[in-house]
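The structure appears right after this line, and notes come after that.
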Amino acid sequence: MATSSREYIGPYRRLNVIRTTKASEIVEVLHDAKGTRLAIKLLQPAYVHDKSEIALLKHEYAVGRTLKHPSIIRIDQCHCNHDLAYMVMEYFPALNLKQIIQRGAERIAHLTMPILRQAAESLGYLHQQGWIHRDVKPDNFLVSDEGQLKLIDFALAQRPKGSLARLLSGRGKIQGTRSYMSPEQIQGSVIDVRADIYSLGCVIHELLSGKPPFTAASSTELLNKHLKLPPPSLLTSDANLTKPFAQLVLRMLAKKVDQRPGSMAELLLALDGVRVYHNPPRPPADNN
């Protein structure tokens with residue numbers, strides 16, 4: 001029977017804690033028998049019997065195990081039994097975009113277009129499989145120093161079959177992340193893939209300006225800005241960005257759904273027709 005200890009999670013030997021949240025931790029592990037390095041999403045002891053957290057973990061596994069794309073993290077298996085609940089996935093040694101932005105996104109500025117294309121392609125594939133991600137944010141894109149990207153975290157993914165994507169779950173918690181939520185998701189309206197396009201626009205804005213399009217002192221103020229306030233142009237933060245590219249990001253951030261690109265395929269075509277920078281940034285000098 002699978003066990004958890006300081007050294008092992010079931011048959012997997014702990015190597016390194018990658019990230020810790022209130023409900024879970026991501027751990028780099030080694031399968032001793034196979035010699036395979038993997039990552040595990042492990043529920044914290046206080047949440048291992050929490051029905052909602054267990055349901056989210058199982059849902060993420062159910063969605064993720066069906067996805068086969070080079071820009072989406074591979075998910076292998078899920079184990080929920082007694083005092084142990086975890087999901088096994090591909091190990092991808094990279095920071096997430098949020099961490100990169102906090103440390104200085106100029107280190108990957110020369111890779112901006114390949115990164116944006118991979119992000120759109122990964123979400124486009126997810127949409128083709130019949131899912132809306134619903135939590136597109138910098139934290140959910142892992143990006144290597146070479147610019148390879150992996151989309152992660154499918155706990156809130158939802159089928160778009162006319163169902164309402166409610167702002168509040170049964171436990172009264174917001175589903176999604178306030179800084180990146182589309183107006184229709186905030187309002188609890190019917191959503192489609194264009195909700196992810198809005199959220200990706202927020203991610204692009206933060207990647208290139210250092211902050212999301214809207215910030216506020218309170219959650220209510222932040223949500224109201226998403227609903228009512230026009231987003232700022234990226235041109236105000238970086239004169240090296242081209243006007244056509246800045247206008248495309250503003251289209252992605254349109255309040256009205258029908259004013260955004262209609263799909264990730266349409267967005268990719270639009271990206272093909274614009275340049276991000278007037279003067280493309282050069283790779284950072286190697287200080288080693």
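FYI, nothing fancy with the structure tokens labels: chains A, B, ... in order, residues from 1 per chain, ligands from 1 as they appear.
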
Using only C-alpha atoms, which protein or nucleic acid residues come within 6 Å of His110 (chain A)? Drop anything in the same chain fewer than 5 positions from it, and give the result as number ranges by chain.
A: 281-283

Can you list, as a PDB file with N, CA and C atoms, in the first residue's frame, every protein, DNA or RNA residue that comes within 7 Å of region 111-123 of chain A when you count only C-alpha atoms, leaving out same-chain residues fewer than 2 positions away?
ATOM      1  N   SER A  71       3.188  21.610 -25.420  1.00  0.00           N
ATOM      2  CA  SER A  71       3.177  22.795 -24.557  1.00  0.00           C
ATOM      3  C   SER A  71       2.192  22.653 -23.396  1.00  0.00           C
ATOM      4  N   ILE A  72       1.842  21.414 -23.072  1.00  0.00           N
ATOM      5  CA  ILE A  72       0.973  21.133 -21.917  1.00  0.00           C
ATOM      6  C   ILE A  72       1.642  20.079 -21.052  1.00  0.00           C
ATOM      7  N   ILE A 108      13.745  37.152 -20.782  1.00  0.00           N
ATOM      8  CA  ILE A 108      13.114  36.367 -21.851  1.00  0.00           C
ATOM      9  C   ILE A 108      12.454  37.258 -22.899  1.00  0.00           C
ATOM     10  N   ALA A 109      12.754  38.567 -22.884  1.00  0.00           N
ATOM     11  CA  ALA A 109      12.106  39.491 -23.819  1.00  0.00           C
ATOM     12  C   ALA A 109      12.367  39.107 -25.273  1.00  0.00           C
ATOM     13  N   TYR A 125      -5.339  24.057 -28.164  1.00  0.00           N
ATOM     14  CA  TYR A 125      -5.491  22.600 -28.109  1.00  0.00           C
ATOM     15  C   TYR A 125      -6.476  22.197 -27.016  1.00  0.00           C
ATOM     16  N   LEU A 126      -6.356  22.826 -25.852  1.00  0.00           N
ATOM     17  CA  LEU A 126      -7.286  22.548 -24.757  1.00  0.00           C
ATOM     18  C   LEU A 126      -8.722  22.819 -25.197  1.00  0.00           C
ATOM     19  N   HIS A 127      -8.934  23.925 -25.897  1.00  0.00           N
ATOM     20  CA  HIS A 127     -10.272  24.263 -26.383  1.00  0.00           C
ATOM     21  C   HIS A 127     -10.766  23.234 -27.403  1.00  0.00           C
ATOM     22  N   GLY A 147      12.911  29.291 -23.491  1.00  0.00           N
ATOM     23  CA  GLY A 147      11.629  29.727 -24.026  1.00  0.00           C
ATOM     24  C   GLY A 147      10.611  28.629 -24.243  1.00  0.00           C
ATOM     25  N   LEU A 149       7.583  26.375 -23.212  1.00  0.00           N
ATOM     26  CA  LEU A 149       6.459  26.663 -22.316  1.00  0.00           C
ATOM     27  C   LEU A 149       5.624  25.423 -22.061  1.00  0.00           C
ATOM     28  N   LEU A 151       1.764  24.627 -20.196  1.00  0.00           N
ATOM     29  CA  LEU A 151       0.534  25.021 -19.499  1.00  0.00           C
ATOM     30  C   LEU A 151       0.247  24.012 -18.398  1.00  0.00           C
ATOM     31  N   MET A 264      -8.457  30.852 -30.391  1.00  0.00           N
ATOM     32  CA  MET A 264      -7.002  30.921 -30.325  1.00  0.00           C
ATOM     33  C   MET A 264      -6.392  30.808 -31.718  1.00  0.00           C
ATOM     34  N   LEU A 268      -3.770  33.427 -33.178  1.00  0.00           N
ATOM     35  CA  LEU A 268      -2.479  33.047 -33.744  1.00  0.00           C
ATOM     36  C   LEU A 268      -2.276  33.669 -35.127  1.00  0.00           C
TER      37      LEU A 268
END

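CA of Arg251 (chain A) is positioned 15.4 Å from CA of Asp272 (chain A).
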
Mind listing the helix (DSSP H, G or I) residues of region 19-92 of chain A, per DSSP on the backbone, as a PyMOL selection string?
chain A and resi 45-47+51-64

Using only C-alpha atoms: which of A:Ile191, A:Leu97, A:Met89, A:Ile186 has the shortest distance to Asp145 (chain A)
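Selected residue with least distance to Asp145 (chain A): A:Leu97.
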
Find the residues near Glu206 (chain A): any atom within 12 Å, counting only C-alpha atoms, skip ones fewer than 2 places away on the same chain, and give them as a ChimeraX atom specification.
/A:97-102,104-105,137-139,179-180,199-204,208-215,232-234,237,249

Contact residues around region 10-16 of chain A with only C-alpha atoms at 12 Å, ignoring same-chain residues under 5 positions, as a PyMOL selection string:
chain A and resi 1-5+25-42+78-81+83-89+91+93

As a VMD selection string, please: every residue in region 64-262 of chain A that a backbone DSSP assignment puts in strand (DSSP E).
chain A and resid 75 to 81 84 to 90 95 to 96 141 to 143 149 to 151

Nearest to Lys68 (chain A), chosen from A:Val143, A:Gln175, A:Lys150, A:Asn96, with only C-alpha atoms counted in the distances:
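Closest candidate: A:Lys150.
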
Between CA of Val257 (chain A) and CA of Lys228 (chain A) lies a distance of 13.8 Å
